[in-house]
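K.L.:
Dropping a structure here in structure tokens format, bear with me for questions.
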Amino acid sequence: MDEDREYEELVRVLEPFRKMRIETGPVTLSDEYLQMVEEVESAPENQAGADKTQVELVFRQSRQPFANARRSR
């Protein structure tokens, strides 16, 4: 099966990278970014008790195209 061979080749190519340690440190957020977050969080539609039914509607609508999807071979 082609997919199996492709997968095995991908695993072989990526194997050396699995052992690499990439140092990550704390992320420093800029004042501008923090200000934008504050603005979004303080918007009326983001307050506790605000009507958020549109969020569920959008989630439901975004899942609909995939509901009947079938994998082709």
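Residues are referred to by chain and number: the chain letter is A, B, ... according to the order shown in the structure tokens, the number counts from 1 in that chain, and ligands are numbered separately from 1 in the order shown.
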With only C-alpha atoms as the counted atoms, please give the residues lying no more than 12 Å from Val55 (chain A), apart from itself and same-chain residues fewer than 5 positions off, as a PDB file with N, CA and C atoms, in the first residue's frame.
P.N.:
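The resulting file, part_2.pdb, is shown below:
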ATOM      1  N   GLU A  45     -20.419  42.096  24.392  1.00  0.00           N
ATOM      2  CA  GLU A  45     -20.793  40.739  23.989  1.00  0.00           C
ATOM      3  C   GLU A  45     -19.936  39.664  24.650  1.00  0.00           C
ATOM      4  N   ASN A  46     -18.855  40.065  25.309  1.00  0.00           N
ATOM      5  CA  ASN A  46     -17.992  39.103  25.976  1.00  0.00           C
ATOM      6  C   ASN A  46     -18.166  39.092  27.492  1.00  0.00           C
ATOM      7  N   ALA A  50     -23.969  37.704  28.895  1.00  0.00           N
ATOM      8  CA  ALA A  50     -24.309  38.177  27.547  1.00  0.00           C
ATOM      9  C   ALA A  50     -24.827  36.995  26.726  1.00  0.00           C
ATOM     10  N   ARG A  60     -22.244  25.018  15.144  1.00  0.00           N
ATOM     11  CA  ARG A  60     -23.092  24.016  14.507  1.00  0.00           C
ATOM     12  C   ARG A  60     -23.032  24.146  12.988  1.00  0.00           C
ATOM     13  N   GLN A  61     -23.100  25.364  12.485  1.00  0.00           N
ATOM     14  CA  GLN A  61     -23.057  25.579  11.036  1.00  0.00           C
ATOM     15  C   GLN A  61     -21.701  25.197  10.450  1.00  0.00           C
ATOM     16  N   SER A  62     -20.634  25.430  11.200  1.00  0.00           N
ATOM     17  CA  SER A  62     -19.306  25.110  10.672  1.00  0.00           C
ATOM     18  C   SER A  62     -19.068  23.606  10.639  1.00  0.00           C
TER      19      SER A  62
END
K.L.:
Can you list, as a PyMOL selection string, all residues belonging to chain A that DSSP tags as helix (DSSP H, G or I)?
P.N.:
chain A and resi 2-18+31-42+44-46+53-67
K.L.:
So what do you get for CA of Glu41 (chain A) versus CA of Gln64 (chain A), distance-wise?
P.N.:
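CA of Gln64 (chain A) lies at a distance of 28.7 Å from CA of Glu41 (chain A).
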K.L.:
Find the distance between CA of Asn68 (chain A) and CA of Lys52 (chain A) and write it in Å to one decimal.
P.N.:
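A separation of 26.8 Å between them.
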K.L.:
Using Å and a single decimal, report how far CA of Glu56 (chain A) sits from CA of Val40 (chain A).
P.N.:
19.0 Å
